[in-house]
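J.: Here it is, the structure in full.
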Amino acid sequence: MELYELTLHELKDLLKKKEVSSKEVVKSFFSRIKKIDNKVKAFVTLCEEEALEKACECDQQQEYDGIAGIPYGLKDIICTRGVKTTCCSKILENFIPPYDATVARKLKEKKGILAGKLNMDEFAMGSSTENSAFFPTRNPWDLERVPGGSSGGSAAAVAAGEVPFALGTDTGGSIRQPASFCGVVGLKPTYGRVSRWGVVAFASSLDQVGVFSRDVRDCALVMNIVSGHDPMDSTSVDIEVPDYESFLTGNIKGLKVAYPREYFQQGVDEKIRETVKKALHKFEDLGAVVEEVTLPHSEYALPAYYLIAPAEASANLARYDGVRYGFRDFEADNVVQMFSKTRAAGFGDEVKRRIMLGTYALSSGYYDAYYLKALKVRRLISRDFNEVFKDFDVIVGPTTPTTAFKLGEQSDPLQLYMNDILTVPINMAGLPGISIPCGFVEGLPVGMQIIGRPFDEGTLLQAAYSYEQNTDYHTVKPVLGVE
Amino acid sequence: MTLSGDYETVIGLEVHVELKTASKIFCSCSTSFGAEPNTQVCPICSGFPGMLPVLNHKVVDYAIKVGLALNCEIAEFCKFDRKNYFYPDLPKAFQISQYDLPICKNGYLDIDINGDKRRIRITRIHMEEDAGKLVHQGDITTTPFSLVDLNRSGVPLLEIVSEPDMRSGAEARAYMEKLRSILLFTGVSDCKMQEGSLRCDANVSVRPRGQRELGVKTEIKNMNSFRAVEKAIDYEAKRQMEALEYGEEIIQETRTWDEEKQVTRSMRSKEEAHDYRYFPEPDLPPLKITPEWIEEIQASLPEMPDQARGRLMEQYGLSEYDASIITQSPDYLAFFDECLRNYSNAKTVANWMMGELSRLLNQNNMEISECLVKPEDLIKLLGLIDNGTISGKMAKTVFEEMFAGGKKPELIIKEKGMEQISDEGTLKAVIEEVVANNQKVLQDYKNGKKKAFGFFVGQVMKATKGQADPSAVNKLLRERLDK
């Protein structure tokens, strides 16, 4: 077995026992990257030289704990000091931040080793990573298919063994959907659990940084590092961070599991429904109490999301005007022309579409009918979840309505938006959600989504871990035909 | 032209005040004025990707303070909003401001117009960030590029909006002067119109006297002094009245005051006005203001100009006019109060401050805080008049020298040999000489030409270069001539 096939906690144990060096670990992953990334195309920037230097430092200090000496990848929306952060957009193609995002700093402080930056849909807008301004990423399970998005690079890199873990961001499903498509674990924490400082904003009230890993224990380990209040992010919440690993008991006897009727209806592939239903039986076998519930406002979540998220994005992306950094069109005759030419050439179609949608929704005369109405819907969606959580500990359903689709297969934006139908409500309510592998349909991974109460990532991980330890879907690896 | 109708002018003012907090409103950059361009900037106030605002609570303290000083209700709950527009000096392309829930509302201040008191209502006060500024090398019309200085970007501002309660340029000016003095007393701002720390836009309309509904208004910008406020409003009101006389319609528009030509000029029409697409700032949680917080600020509120004016009238018997001049700024009042600690004649101090001191300050365009004459110097000078060392007339000359060089009055008098001569022996000798040289006039006097007395006084003063004590000269001359 190669080192790159191991999980974070397995590598951690080997390093601690001094059976391997950080240099060996880092080298193993980079040789893997070199071998397969021309097929998967998960990375947009590689930091091999710096990574090897850091690995040597670690080996000299011989202080292995947690993620020390272990490589990881970051979605290219997370600012890294001195390393290009592009959001996979032409407009930030050469942008090198003079600062580390809080999450990047935390990983650095724990002596984790940044292997590189990962591909994504431009400014996190998309569900397939086809909207990257550079190139699409491929799904390691079938290179003809998309890895999902927007954090497609992060999911594919973890699935293909290019890094043991990665961070992504999730605004409407951008962690859980690609995790589901690529057969890995993907956690979107509660809004406010992880700092957004230094993470390029898409929709500020929905964005949250989260973890991709190969198993639930790795996810808990990384969550222990990245979670917590940040005085630089006023929306991060000052609630104590528990030791997430302590929730991995393997015991869920008496756990109350709800499955929403609305998440098992038409529009969700029948085979996926069956697969997740099977997983629910597994929960029952493990001693959980499983019951059907209703989340009556679910169908309004997607339209409301596609007003709120673009509205916020229209303001968040207004700063890319060519004045201070990033791409500028120098052919303009005056400042207004400079703004419009820069933005016309710098942004891709989907980004422009959402900026226009959001600008329209906020325009005077339309604000009440669109944006304000969407905020009201958002409250109703939260209320639905609150009702269920009065009686249940977690809510379980499919993560996505389909398995990974082929590149170019979904070209209609509305069709693409439907990918988020099962994940968007969770962002609207600010809840934590995790997607874990729960089977295969026609050789492609299926993800099960577990949703928890606010700041109760612990119970989420407890449920996910118990299921995982009693199944072996997480151990199945994609075959890339180059091994 | 002579107007056939009887019109009434209606004015409301929007005032922006820069707060002199040590750091900016959403980051820790310094706010000090006059630094080299772009030396007081950071990724937050220059709108870099992923940066988040953190509210400087001192700004809230100051806003509450001003709200209380202007008799406003302080909101228990307020929030920030984004005001969206593109301009090169606005780094995020939105300004964080407050839209529908400002921190203060429903206040007032009282002004005096020719002895009449008028109450001007204040609609609202809200907090916001300032933008940067554009700098042009050479002539703005020919320079090939604009430079952006972001030192001012993120400096905290209060916007104070009045009701349309003013009826003339003079009233608007009185409102500005009163507002400035209140703001100076609260200590939240320097209120320097030249440096832009106090700025004012005026909404002006006219209507036939007796008509209830308001006429079409124009907004006047670019008034850089109190005088300009008065002039611009009076000009604009007259322009509108004349237009109505000619049967023209007033167009709702923004106009700029041309200081050189003393006219207002059209800048942009209502159609060209921005749609700011306000929406709640998702990066800042709403602000809750507790009664305890308000009480704490209330307790820290110093004496306000109206209170101080009453005190001066009651304690020292100053006239209302004198008292209101002395209370125009806290520095002015402090100077007065300091003088009165060791000098009892309040009226004399007030006369000197309103006379010589004000004249020289205005002449040199200086603030009292920059004045070299300190209170102890002024009362020293007044003491020297009182004890007959110098005459009141000479004291003015001495004061000018004190003002120019900061020398102590005794020193100036000594250096210039300006002490009054009241020694009888010295004066008698001078008188003898004058009498000896003017025997004919002495004869005339003795013959009943009493007017000749004045001639002798004049000759003695001339011989002593004006330093002779006039009353002593009178007494001694009379003794000599009438003997």
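Residue numbering restarts at 1 in every chain; chains get A, B, ... in the order shown in the structure tokens, and ligands count up from 1 in that same order.
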Could you produce a table of the residues of region 121-237 of chain A lying within 8 Å of region 394-401 of chain A, with the nearest pair of atoms per residue and their separation in Å rounded to one decimal, using only C-alpha atoms, ordered by chain and increasing residue number, as JSON lines?

T.:
{"residue": "A:Arg176", "atom": "CA", "partner": "A:Thr399", "partner_atom": "CA", "distance": 6.7}
{"residue": "A:Gln177", "atom": "CA", "partner": "A:Thr400", "partner_atom": "CA", "distance": 6.1}
{"residue": "A:Ser180", "atom": "CA", "partner": "A:Thr399", "partner_atom": "CA", "distance": 6.5}

J.: Pick out the chain A residues within 8 Å of chain B. Count only C-alpha atoms. Give them as a list of chain:residue names.

T.: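 In the required form, that comes to A:Cys79, A:Ala101, A:Arg196, A:Trp197, A:Gly198, A:Val199, A:Val200, A:Ala201, A:Ser204, A:Ser205, A:Pro231, A:Met232, A:Asp233, A:Ser234, A:Thr235, A:Ala315, A:Asn316, A:Ala318, A:Arg319, A:Val323, A:Arg324, A:Val335, A:Thr359, A:Leu362, A:Ser363, A:Ser364.
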
J.: Taking the DSSP assignment computed from this structure's backbone, write out as a ChimeraX atom specification all residues of region 246-312 of chain B that belong to helix (DSSP H, G or I).

T.: /B:270-272,291-300,305-312

J.: Using only C-alpha atoms, which residues sit within 8 Å of Asp238 (chain A) once same-chain residues fewer than 6 positions away are excluded, as an MDAnalysis selection string?

T.: chainID A and resid 228:230

J.: Output the selection as a PDB file, in the first residue's frame - all heavy atoms for each residue.

T.:
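See out.pdb below for the written result:
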ATOM      1  N   GLY A 228     -14.082  27.571  15.399  1.00  0.00           N
ATOM      2  CA  GLY A 228     -13.913  28.508  16.503  1.00  0.00           C
ATOM      3  C   GLY A 228     -14.111  29.955  16.124  1.00  0.00           C
ATOM      4  O   GLY A 228     -14.017  30.340  14.960  1.00  0.00           O
ATOM      5  N   HIS A 229     -14.359  30.737  17.147  1.00  0.00           N
ATOM      6  CA  HIS A 229     -14.616  32.168  16.987  1.00  0.00           C
ATOM      7  C   HIS A 229     -13.381  32.881  16.459  1.00  0.00           C
ATOM      8  O   HIS A 229     -12.263  32.578  16.854  1.00  0.00           O
ATOM      9  CB  HIS A 229     -15.012  32.749  18.345  1.00  0.00           C
ATOM     10  CG  HIS A 229     -15.188  34.229  18.332  1.00  0.00           C
ATOM     11  ND1 HIS A 229     -16.154  34.855  17.564  1.00  0.00           N
ATOM     12  CD2 HIS A 229     -14.540  35.216  18.979  1.00  0.00           C
ATOM     13  CE1 HIS A 229     -16.084  36.162  17.746  1.00  0.00           C
ATOM     14  NE2 HIS A 229     -15.108  36.408  18.598  1.00  0.00           N
ATOM     15  N   ASP A 230     -13.613  33.851  15.574  1.00  0.00           N
ATOM     16  CA  ASP A 230     -12.534  34.682  15.043  1.00  0.00           C
ATOM     17  C   ASP A 230     -12.935  36.139  15.227  1.00  0.00           C
ATOM     18  O   ASP A 230     -13.929  36.583  14.654  1.00  0.00           O
ATOM     19  CB  ASP A 230     -12.342  34.363  13.549  1.00  0.00           C
ATOM     20  CG  ASP A 230     -11.254  35.219  12.908  1.00  0.00           C
ATOM     21  OD1 ASP A 230     -10.611  36.018  13.617  1.00  0.00           O
ATOM     22  OD2 ASP A 230     -11.049  35.071  11.685  1.00  0.00           O
TER      23      ASP A 230
END

J.: At a cut-off of 12 Å, using only C-alpha atoms, what residues contact region 446-452 of chain B? Leave out same-chain residues fewer than 2 positions from it and give the result as a list of chain:residue names.

T.: B:Val435, B:Asn438, B:Gln439, B:Lys440, B:Val441, B:Leu442, B:Gln443, B:Asp444, B:Gly454, B:Phe455, B:Phe456, B:Val457, B:Gly458, B:Gln459, B:Leu477, B:Arg478, B:Arg480, B:Leu481, B:Asp482, B:Lys483

J.: Quick one: residues within 9 Å of Phe247 (chain A), only C-alpha atoms counted, chain neighbours fewer than 4 positions away excluded, as a compact mmCIF listing (two decimals) with N, CA, C and O atoms, in the first residue's frame?

T.:
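Dumped to result.txt:
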# COMPACT_ATOMS: atom_id res chain seq x y z
N ALA A 220 -13.38 14.95 11.61
CA ALA A 220 -13.42 15.43 12.99
C ALA A 220 -12.09 16.07 13.38
O ALA A 220 -12.05 17.13 14.02
N ASP A 243 -14.27 18.67 21.48
CA ASP A 243 -13.34 17.77 20.78
C ASP A 243 -14.20 16.84 19.92
O ASP A 243 -14.86 15.94 20.43
N GLY A 458 -21.12 17.68 16.43
CA GLY A 458 -20.73 16.49 17.17
C GLY A 458 -21.66 15.32 16.90
O GLY A 458 -21.24 14.22 16.52
N THR A 459 -22.97 15.55 17.08
CA THR A 459 -23.95 14.49 16.87
C THR A 459 -23.95 14.03 15.40
O THR A 459 -24.11 12.85 15.10
N LEU A 460 -23.75 15.02 14.52
CA LEU A 460 -23.67 14.72 13.10
C LEU A 460 -22.54 13.72 12.81
O LEU A 460 -22.71 12.72 12.12
N LEU A 461 -21.39 14.02 13.40
CA LEU A 461 -20.21 13.16 13.20
C LEU A 461 -20.42 11.80 13.88
O LEU A 461 -20.01 10.77 13.35
N GLN A 462 -21.10 11.82 15.01
CA GLN A 462 -21.40 10.57 15.73
C GLN A 462 -22.23 9.64 14.85
O GLN A 462 -21.92 8.45 14.69
N ALA A 463 -23.28 10.20 14.26
CA ALA A 463 -24.15 9.41 13.40
C ALA A 463 -23.40 8.93 12.16
O ALA A 463 -23.48 7.76 11.78
N TYR A 465 -20.21 8.54 11.74
CA TYR A 465 -19.15 7.58 12.08
C TYR A 465 -19.72 6.18 12.30
O TYR A 465 -19.19 5.19 11.81

J.: Tell me, as a list in words, which residues lie within 10 Å of Asn56 (chain B), counting only C-alpha atoms; anything in the same chain fewer than 4 positions away does not count.

T.: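 Counting only the stated atoms, we get Thr21, Ala22, Ser23, Lys24, Ile25, Phe26, Cys27, Ser28, Val60, Asp61 and Pro156 of chain B.
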
J.: Between B:Glu171, B:Leu381, B:Leu109, B:Glu236, which one has atoms that come closest to Met304 (chain B), using only C-alpha atoms?

T.: B:Leu109

J.: May I have the residues within 12 Å of Glu296 (chain B) as a VMD selection string, using only C-alpha atoms and disregarding those fewer than 6 positions away in the same chain?

T.: chain B and resid 61 to 62 64 to 65 68 289 to 290

J.: Store the residues picked out above, limited to all heavy atoms, as a PDB file, in the first residue's frame.

T.:
ATOM      1  N   ASP B  61     -20.191  54.773  20.412  1.00  0.00           N
ATOM      2  CA  ASP B  61     -20.168  55.697  21.557  1.00  0.00           C
ATOM      3  C   ASP B  61     -20.378  57.133  21.081  1.00  0.00           C
ATOM      4  O   ASP B  61     -21.189  57.875  21.631  1.00  0.00           O
ATOM      5  CB  ASP B  61     -18.800  55.640  22.261  1.00  0.00           C
ATOM      6  CG  ASP B  61     -18.610  54.378  23.082  1.00  0.00           C
ATOM      7  OD1 ASP B  61     -19.591  53.609  23.218  1.00  0.00           O
ATOM      8  OD2 ASP B  61     -17.486  54.153  23.584  1.00  0.00           O
ATOM      9  N   TYR B  62     -19.618  57.507  20.049  1.00  0.00           N
ATOM     10  CA  TYR B  62     -19.686  58.884  19.540  1.00  0.00           C
ATOM     11  C   TYR B  62     -21.062  59.188  18.945  1.00  0.00           C
ATOM     12  O   TYR B  62     -21.596  60.282  19.123  1.00  0.00           O
ATOM     13  CB  TYR B  62     -18.591  59.117  18.494  1.00  0.00           C
ATOM     14  CG  TYR B  62     -17.210  59.354  19.073  1.00  0.00           C
ATOM     15  CD1 TYR B  62     -16.960  59.180  20.433  1.00  0.00           C
ATOM     16  CD2 TYR B  62     -16.155  59.776  18.276  1.00  0.00           C
ATOM     17  CE1 TYR B  62     -15.700  59.394  20.958  1.00  0.00           C
ATOM     18  CE2 TYR B  62     -14.885  60.001  18.791  1.00  0.00           C
ATOM     19  CZ  TYR B  62     -14.659  59.803  20.129  1.00  0.00           C
ATOM     20  OH  TYR B  62     -13.414  60.026  20.639  1.00  0.00           O
ATOM     21  N   ILE B  64     -23.903  57.837  19.755  1.00  0.00           N
ATOM     22  CA  ILE B  64     -24.864  57.985  20.856  1.00  0.00           C
ATOM     23  C   ILE B  64     -24.688  59.362  21.506  1.00  0.00           C
ATOM     24  O   ILE B  64     -25.652  60.073  21.799  1.00  0.00           O
ATOM     25  CB  ILE B  64     -24.672  56.865  21.906  1.00  0.00           C
ATOM     26  CG1 ILE B  64     -24.979  55.489  21.304  1.00  0.00           C
ATOM     27  CG2 ILE B  64     -25.555  57.112  23.131  1.00  0.00           C
ATOM     28  CD1 ILE B  64     -24.616  54.311  22.205  1.00  0.00           C
ATOM     29  N   LYS B  65     -23.432  59.750  21.687  1.00  0.00           N
ATOM     30  CA  LYS B  65     -23.117  61.034  22.310  1.00  0.00           C
ATOM     31  C   LYS B  65     -23.746  62.185  21.530  1.00  0.00           C
ATOM     32  O   LYS B  65     -24.406  63.056  22.096  1.00  0.00           O
ATOM     33  CB  LYS B  65     -21.586  61.192  22.326  1.00  0.00           C
ATOM     34  CG  LYS B  65     -21.050  62.058  23.421  1.00  0.00           C
ATOM     35  CD  LYS B  65     -19.534  61.902  23.479  1.00  0.00           C
ATOM     36  CE  LYS B  65     -18.999  62.494  24.767  1.00  0.00           C
ATOM     37  NZ  LYS B  65     -17.554  62.310  24.890  1.00  0.00           N
ATOM     38  N   LEU B  68     -27.551  62.140  21.789  1.00  0.00           N
ATOM     39  CA  LEU B  68     -28.045  62.697  23.053  1.00  0.00           C
ATOM     40  C   LEU B  68     -27.907  64.215  23.066  1.00  0.00           C
ATOM     41  O   LEU B  68     -28.813  64.926  23.500  1.00  0.00           O
ATOM     42  CB  LEU B  68     -27.283  62.081  24.235  1.00  0.00           C
ATOM     43  CG  LEU B  68     -27.535  60.588  24.489  1.00  0.00           C
ATOM     44  CD1 LEU B  68     -26.588  60.060  25.571  1.00  0.00           C
ATOM     45  CD2 LEU B  68     -28.992  60.328  24.888  1.00  0.00           C
ATOM     46  N   ILE B 289     -28.327  48.202  21.441  1.00  0.00           N
ATOM     47  CA  ILE B 289     -27.821  49.236  22.341  1.00  0.00           C
ATOM     48  C   ILE B 289     -28.640  49.195  23.625  1.00  0.00           C
ATOM     49  O   ILE B 289     -29.843  49.434  23.622  1.00  0.00           O
ATOM     50  CB  ILE B 289     -27.880  50.619  21.670  1.00  0.00           C
ATOM     51  CG1 ILE B 289     -26.992  50.606  20.419  1.00  0.00           C
ATOM     52  CG2 ILE B 289     -27.414  51.709  22.630  1.00  0.00           C
ATOM     53  CD1 ILE B 289     -27.202  51.761  19.490  1.00  0.00           C
ATOM     54  N   THR B 290     -27.978  48.853  24.713  1.00  0.00           N
ATOM     55  CA  THR B 290     -28.674  48.675  25.993  1.00  0.00           C
ATOM     56  C   THR B 290     -28.892  50.029  26.670  1.00  0.00           C
ATOM     57  O   THR B 290     -28.145  50.980  26.429  1.00  0.00           O
ATOM     58  CB  THR B 290     -27.834  47.803  26.940  1.00  0.00           C
ATOM     59  OG1 THR B 290     -26.573  48.469  27.153  1.00  0.00           O
ATOM     60  CG2 THR B 290     -27.586  46.422  26.357  1.00  0.00           C
TER      61      THR B 290
END

J.: For each of A:Gly365, A:Gly210, A:Pro437, A:Pro454, take the minimum atom-to-atom distance to Thr475 (chain A), counting only C-alpha atoms, then give the residue where this is smallest.

T.: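 Among A:Gly365, A:Gly210, A:Pro437, A:Pro454, it is A:Pro437 that comes nearest to Thr475 (chain A).
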
J.: So which bits of region 61-177 of chain B end up strand (DSSP E) when you DSSP the backbone, as a PyMOL selection string?

T.: chain B and resi 73-74+77-78+81-84+94-97+104-113+116-129+133-135+147-149+156-162

J.: Between B:Leu244, B:Ile390, B:Ile233, B:Leu184, which is the closest to Ile412 (chain B) once you count only C-alpha atoms?

T.: B:Ile390

J.: Report, in Å with one decimal, the straight-line distance from CA of Ile91 (chain A) to CA of Ser340 (chain A).

T.: 12.4 Å

J.: Could you work out how far CA of Leu15 (chain A) lies from CA of Asn119 (chain A), giving the answer in Å with one decimal?

T.: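 CA of Leu15 (chain A) lies 28.9 Å from CA of Asn119 (chain A).
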